[in-house]
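Source file protein38.txt; content: compact mmCIF, N, CA and C atoms.
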# COMPACT_ATOMS: atom_id res chain seq x y z
N MET C 17 -3.20 -7.24 38.78
CA MET C 17 -3.54 -6.11 37.94
C MET C 17 -2.26 -5.43 37.46
N ILE C 18 -2.18 -5.17 36.17
CA ILE C 18 -1.03 -4.50 35.59
C ILE C 18 -1.41 -3.06 35.29
N THR C 19 -0.58 -2.14 35.75
CA THR C 19 -0.81 -0.73 35.51
C THR C 19 0.24 -0.21 34.54
N THR C 20 -0.19 0.50 33.53
CA THR C 20 0.74 1.11 32.59
C THR C 20 0.88 2.57 32.95
N LEU C 21 2.09 2.99 33.10
CA LEU C 21 2.38 4.38 33.45
C LEU C 21 3.11 5.02 32.29
N ARG C 22 2.59 6.12 31.81
CA ARG C 22 3.24 6.83 30.72
C ARG C 22 4.27 7.80 31.30
N VAL C 23 5.50 7.66 30.87
CA VAL C 23 6.58 8.52 31.34
C VAL C 23 6.72 9.67 30.37
N VAL C 24 6.70 10.88 30.90
CA VAL C 24 6.83 12.06 30.06
C VAL C 24 8.12 12.76 30.44
N LYS C 25 9.00 12.91 29.47
CA LYS C 25 10.28 13.56 29.68
C LYS C 25 10.60 14.34 28.42
N PRO C 26 11.03 15.59 28.56
CA PRO C 26 11.34 16.37 27.36
C PRO C 26 12.43 15.69 26.51
N ILE C 27 12.17 15.58 25.22
CA ILE C 27 13.12 14.98 24.30
C ILE C 27 14.45 15.72 24.32
N ALA C 28 14.40 17.04 24.47
CA ALA C 28 15.62 17.85 24.44
C ALA C 28 16.59 17.50 25.56
N THR C 29 16.11 16.83 26.62
CA THR C 29 17.00 16.46 27.72
C THR C 29 17.72 15.13 27.48
N MET C 30 17.33 14.41 26.44
CA MET C 30 17.98 13.14 26.14
C MET C 30 19.41 13.39 25.68
N GLN C 31 20.33 12.58 26.18
CA GLN C 31 21.72 12.69 25.77
C GLN C 31 22.10 11.38 25.11
N LEU C 32 22.25 11.42 23.79
CA LEU C 32 22.58 10.22 23.03
C LEU C 32 24.02 10.29 22.54
N GLU C 33 24.68 9.18 22.56
CA GLU C 33 26.05 9.09 22.07
C GLU C 33 26.07 9.10 20.54
N PRO C 34 27.14 9.61 19.94
CA PRO C 34 27.27 9.54 18.48
C PRO C 34 27.12 8.09 18.01
N GLY C 35 26.39 7.91 16.94
CA GLY C 35 26.14 6.58 16.40
C GLY C 35 24.88 5.94 16.96
N SER C 36 24.18 6.62 17.89
CA SER C 36 22.96 6.08 18.48
C SER C 36 21.79 6.16 17.52
N PHE C 37 20.88 5.22 17.66
CA PHE C 37 19.65 5.19 16.87
C PHE C 37 18.53 4.76 17.80
N VAL C 38 17.50 5.57 17.94
CA VAL C 38 16.39 5.29 18.85
C VAL C 38 15.09 5.37 18.07
N THR C 39 14.20 4.41 18.29
CA THR C 39 12.86 4.47 17.70
C THR C 39 11.84 4.50 18.84
N ILE C 40 10.83 5.33 18.67
CA ILE C 40 9.75 5.44 19.65
C ILE C 40 8.45 5.21 18.91
N PRO C 41 7.74 4.10 19.22
CA PRO C 41 6.50 3.79 18.52
C PRO C 41 5.32 4.59 19.07
N ASP C 42 4.23 4.55 18.33
CA ASP C 42 2.95 5.14 18.75
C ASP C 42 3.04 6.64 19.03
N VAL C 43 3.67 7.36 18.13
CA VAL C 43 3.78 8.82 18.24
C VAL C 43 2.82 9.42 17.20
N THR C 44 1.98 10.33 17.63
CA THR C 44 1.06 10.98 16.68
C THR C 44 1.82 12.06 15.90
N TRP C 45 1.23 12.48 14.79
CA TRP C 45 1.84 13.55 14.01
C TRP C 45 1.94 14.84 14.83
N GLU C 46 0.93 15.11 15.63
CA GLU C 46 0.94 16.30 16.48
C GLU C 46 2.07 16.24 17.51
N GLU C 47 2.30 15.05 18.09
CA GLU C 47 3.40 14.88 19.03
C GLU C 47 4.74 15.08 18.32
N PHE C 48 4.85 14.54 17.11
CA PHE C 48 6.08 14.70 16.33
C PHE C 48 6.36 16.18 16.07
N GLU C 49 5.33 16.94 15.67
CA GLU C 49 5.53 18.37 15.43
C GLU C 49 5.94 19.11 16.71
N ALA C 50 5.38 18.71 17.85
CA ALA C 50 5.75 19.32 19.13
C ALA C 50 7.20 19.00 19.48
N ILE C 51 7.64 17.79 19.17
CA ILE C 51 9.03 17.39 19.42
C ILE C 51 9.97 18.22 18.56
N LEU C 52 9.62 18.39 17.27
CA LEU C 52 10.45 19.20 16.38
C LEU C 52 10.58 20.63 16.91
N GLU C 53 9.49 21.17 17.40
CA GLU C 53 9.52 22.53 17.94
C GLU C 53 10.41 22.59 19.18
N GLU C 54 10.31 21.56 20.03
CA GLU C 54 11.14 21.51 21.24
C GLU C 54 12.63 21.41 20.90
N LEU C 55 12.96 20.60 19.89
CA LEU C 55 14.37 20.41 19.54
C LEU C 55 14.96 21.63 18.83
N GLY C 56 14.13 22.36 18.12
CA GLY C 56 14.61 23.54 17.41
C GLY C 56 15.33 23.18 16.12
N GLU C 57 15.79 24.22 15.43
CA GLU C 57 16.44 24.04 14.13
C GLU C 57 17.90 23.59 14.25
N LYS C 58 18.58 24.02 15.29
CA LYS C 58 20.01 23.72 15.42
C LYS C 58 20.20 22.51 16.31
N ARG C 59 20.22 21.35 15.69
CA ARG C 59 20.41 20.09 16.41
C ARG C 59 21.37 19.22 15.62
N SER C 60 22.11 18.41 16.32
CA SER C 60 23.05 17.53 15.63
C SER C 60 22.40 16.21 15.24
N SER C 61 21.27 15.88 15.85
CA SER C 61 20.60 14.62 15.55
C SER C 61 19.71 14.75 14.32
N ARG C 62 19.46 13.62 13.69
CA ARG C 62 18.54 13.56 12.56
C ARG C 62 17.26 12.93 13.09
N VAL C 63 16.12 13.44 12.69
CA VAL C 63 14.85 12.88 13.14
C VAL C 63 13.98 12.55 11.94
N ALA C 64 13.14 11.54 12.13
CA ALA C 64 12.23 11.12 11.06
C ALA C 64 10.95 10.60 11.69
N TYR C 65 9.89 10.61 10.90
CA TYR C 65 8.60 10.09 11.33
C TYR C 65 8.04 9.24 10.20
N HIS C 66 7.65 8.02 10.54
CA HIS C 66 7.10 7.13 9.51
C HIS C 66 6.04 6.24 10.15
N GLN C 67 4.81 6.40 9.71
CA GLN C 67 3.68 5.57 10.12
C GLN C 67 3.61 5.40 11.64
N GLY C 68 3.70 6.52 12.38
CA GLY C 68 3.55 6.48 13.82
C GLY C 68 4.81 6.17 14.61
N THR C 69 5.93 6.01 13.93
CA THR C 69 7.19 5.73 14.61
C THR C 69 8.12 6.93 14.47
N PHE C 70 8.60 7.41 15.60
CA PHE C 70 9.54 8.53 15.65
C PHE C 70 10.94 7.96 15.76
N GLU C 71 11.84 8.43 14.93
CA GLU C 71 13.22 7.94 14.92
C GLU C 71 14.19 9.08 15.18
N ILE C 72 15.18 8.82 16.01
CA ILE C 72 16.25 9.77 16.27
C ILE C 72 17.56 9.06 15.95
N MET C 73 18.41 9.70 15.15
CA MET C 73 19.71 9.14 14.80
C MET C 73 20.76 10.22 15.03
N VAL C 74 21.81 9.84 15.75
CA VAL C 74 22.91 10.76 16.00
C VAL C 74 24.10 10.26 15.19
N PRO C 75 24.49 10.99 14.15
CA PRO C 75 25.59 10.53 13.30
C PRO C 75 26.93 10.54 14.03
N LEU C 76 27.81 9.71 13.56
CA LEU C 76 29.18 9.72 14.08
C LEU C 76 29.87 10.98 13.58
N PRO C 77 30.82 11.51 14.34
CA PRO C 77 31.50 12.76 13.95
C PRO C 77 32.10 12.70 12.55
N GLU C 78 32.62 11.56 12.15
CA GLU C 78 33.25 11.46 10.82
C GLU C 78 32.24 11.53 9.69
N HIS C 79 30.95 11.43 9.99
CA HIS C 79 29.92 11.51 8.97
C HIS C 79 29.30 12.91 8.88
N GLU C 80 29.69 13.78 9.74
CA GLU C 80 29.18 15.14 9.75
C GLU C 80 30.02 16.04 8.84
N ASN C 81 29.38 16.93 8.14
CA ASN C 81 30.09 17.92 7.34
C ASN C 81 30.58 19.03 8.26
N GLN C 82 31.74 19.54 8.01
CA GLN C 82 32.24 20.68 8.78
C GLN C 82 31.45 21.91 8.42
N LYS C 83 30.91 22.59 9.43
CA LYS C 83 30.15 23.81 9.19
C LYS C 83 31.05 25.00 9.43
N ILE C 84 31.10 25.86 8.45
CA ILE C 84 31.98 27.04 8.55
C ILE C 84 31.14 28.26 8.79
Translate this file's structure into structure tokens.
Amino acid sequence: MITTLRVVKPIATMQLEPGSFVTIPDVTWEEFEAILEELGEKRSSRVAYHQGTFEIMVPLPEHENQKI
């Protein structure tokens, strides 16, 4: 018998290196909105949602604009 266990961990606790790209399949729109709320407005990562797939991309420092 195979048991599937769903692991729940706050997205905000993930530590990704610059240049990382992560995709998470089977995410509902409601889950995506909850993730956006958890991450807040001030984040260095870029996030996207497309047809049930959640994507997180952390740009390399040289691709970031200097914020003054």
task = Write out as a VMD selection string the residues lying within 6.5 Å of C:Pro34, counting only N, CA and C atoms and excluding same-chain residues fewer than 5 positions away.
result = chain C and resid 74 to 77
query = Looking at only C-alpha atoms, which of C:Met73, C:Val24, C:Gly68, C:Gln31 is the one that sits closest to C:Phe48?
reply =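 With only C-alpha atoms as the atom set, the closest residue is C:Gly68.
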ask   = Just asking: which residues within chain C are helix (DSSP H, G or I) according to DSSP, as a list in words?
value =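 Matching residues for helix (DSSP H, G or I) in chain C are Ile27, Ala28, Thr29, Trp45, Glu46, Glu47, Phe48, Glu49, Ala50, Ile51, Leu52, Glu53, Glu54, Leu55, Pro77, Glu78 and His79 of chain C.
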Provide an axis-aligned box for all listed atoms of stretch 32-46 of chain C, padding each side by 5 Å; report its centre and its edge lengths in Å to one decimal, as lines of an AutoDock Vina configuration file.
center_x = 14.1
center_y = 10.0
center_z = 18.9
size_x = 36.3
size_y = 22.5
size_z = 19.8
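The space separating atom C of C:Glu71 from atom N of C:Ala50 comes to 13.3 Å.
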query = In Å, how far is it from atom CA of C:Glu33 to atom CA of C:Glu46?
reply =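 One can read the atom CA of C:Glu33 to atom CA of C:Glu46 distance as 26.7 Å.
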ask   = What residues in stretch 26-81 of chain C get the DSSP label strand (DSSP E or B)? Please answer as a list in words.
value = Phe37, Val38, Thr39, Ile40, Arg62, Val63, Ala64, Tyr65, His66, Thr69, Phe70, Glu71, Ile72 and Met73 of chain C
Only N, CA and C atoms, please: the residues just picked out, written as a PDB file, in the frame of the given file.
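Saved as again-v2.pdb:
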ATOM      1  N   PHE C  37      20.880   5.220  17.660  1.00  0.00           N
ATOM      2  CA  PHE C  37      19.650   5.190  16.870  1.00  0.00           C
ATOM      3  C   PHE C  37      18.530   4.760  17.800  1.00  0.00           C
ATOM      4  N   VAL C  38      17.500   5.570  17.940  1.00  0.00           N
ATOM      5  CA  VAL C  38      16.390   5.290  18.850  1.00  0.00           C
ATOM      6  C   VAL C  38      15.090   5.370  18.070  1.00  0.00           C
ATOM      7  N   THR C  39      14.200   4.410  18.290  1.00  0.00           N
ATOM      8  CA  THR C  39      12.860   4.470  17.700  1.00  0.00           C
ATOM      9  C   THR C  39      11.840   4.500  18.840  1.00  0.00           C
ATOM     10  N   ILE C  40      10.830   5.330  18.670  1.00  0.00           N
ATOM     11  CA  ILE C  40       9.750   5.440  19.650  1.00  0.00           C
ATOM     12  C   ILE C  40       8.450   5.210  18.910  1.00  0.00           C
ATOM     13  N   ARG C  62      19.460  13.620  13.690  1.00  0.00           N
ATOM     14  CA  ARG C  62      18.540  13.560  12.560  1.00  0.00           C
ATOM     15  C   ARG C  62      17.260  12.930  13.090  1.00  0.00           C
ATOM     16  N   VAL C  63      16.120  13.440  12.690  1.00  0.00           N
ATOM     17  CA  VAL C  63      14.850  12.880  13.140  1.00  0.00           C
ATOM     18  C   VAL C  63      13.980  12.550  11.940  1.00  0.00           C
ATOM     19  N   ALA C  64      13.140  11.540  12.130  1.00  0.00           N
ATOM     20  CA  ALA C  64      12.230  11.120  11.060  1.00  0.00           C
ATOM     21  C   ALA C  64      10.950  10.600  11.690  1.00  0.00           C
ATOM     22  N   TYR C  65       9.890  10.610  10.900  1.00  0.00           N
ATOM     23  CA  TYR C  65       8.600  10.090  11.330  1.00  0.00           C
ATOM     24  C   TYR C  65       8.040   9.240  10.200  1.00  0.00           C
ATOM     25  N   HIS C  66       7.650   8.020  10.540  1.00  0.00           N
ATOM     26  CA  HIS C  66       7.100   7.130   9.510  1.00  0.00           C
ATOM     27  C   HIS C  66       6.040   6.240  10.150  1.00  0.00           C
ATOM     28  N   THR C  69       5.930   6.010  13.930  1.00  0.00           N
ATOM     29  CA  THR C  69       7.190   5.730  14.610  1.00  0.00           C
ATOM     30  C   THR C  69       8.120   6.930  14.470  1.00  0.00           C
ATOM     31  N   PHE C  70       8.600   7.410  15.600  1.00  0.00           N
ATOM     32  CA  PHE C  70       9.540   8.530  15.650  1.00  0.00           C
ATOM     33  C   PHE C  70      10.940   7.960  15.760  1.00  0.00           C
ATOM     34  N   GLU C  71      11.840   8.430  14.930  1.00  0.00           N
ATOM     35  CA  GLU C  71      13.220   7.940  14.920  1.00  0.00           C
ATOM     36  C   GLU C  71      14.190   9.080  15.180  1.00  0.00           C
ATOM     37  N   ILE C  72      15.180   8.820  16.010  1.00  0.00           N
ATOM     38  CA  ILE C  72      16.250   9.770  16.270  1.00  0.00           C
ATOM     39  C   ILE C  72      17.560   9.060  15.950  1.00  0.00           C
ATOM     40  N   MET C  73      18.410   9.700  15.150  1.00  0.00           N
ATOM     41  CA  MET C  73      19.710   9.140  14.800  1.00  0.00           C
ATOM     42  C   MET C  73      20.760  10.220  15.030  1.00  0.00           C
TER      43      MET C  73
END
task = Work out how far atom CA of C:Phe37 is from atom CA of C:Ile72, in Å to one decimal.
result =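 We find that atom CA of C:Ile72 and atom CA of C:Phe37 lie 5.7 Å from each other.
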remark   = With distances taken over all atoms listed in the file, the candidate from C:Thr19, C:Thr44, C:Ser36, C:Thr29 nearest C:Phe70 is C:Thr44
ask   = Hey, what's within 7 Å of C:Ile27 if we count only N, CA and C atoms and toss same-chain stuff fewer than 3 positions away? As an MDAnalysis selection string, please?
value = chainID C and resid 30:31 51 54:55
Write to file, as a compact mmCIF listing (two decimals), keeping the file's coordinate frame, the residues of the selection just made, with N, CA and C atoms.
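Final output, again-v9.txt:
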# COMPACT_ATOMS: atom_id res chain seq x y z
N MET C 30 17.33 14.41 26.44
CA MET C 30 17.98 13.14 26.14
C MET C 30 19.41 13.39 25.68
N GLN C 31 20.33 12.58 26.18
CA GLN C 31 21.72 12.69 25.77
C GLN C 31 22.10 11.38 25.11
N ILE C 51 7.64 17.79 19.17
CA ILE C 51 9.03 17.39 19.42
C ILE C 51 9.97 18.22 18.56
N GLU C 54 10.31 21.56 20.03
CA GLU C 54 11.14 21.51 21.24
C GLU C 54 12.63 21.41 20.90
N LEU C 55 12.96 20.60 19.89
CA LEU C 55 14.37 20.41 19.54
C LEU C 55 14.96 21.63 18.83
ask   = Looking at only N, CA and C atoms, which of C:Met17, C:Leu52, C:Val43, C:Val38 is the one that sits closest to C:Gln67?
value =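 Among C:Met17, C:Leu52, C:Val43, C:Val38, it is C:Val43 that comes nearest to C:Gln67.
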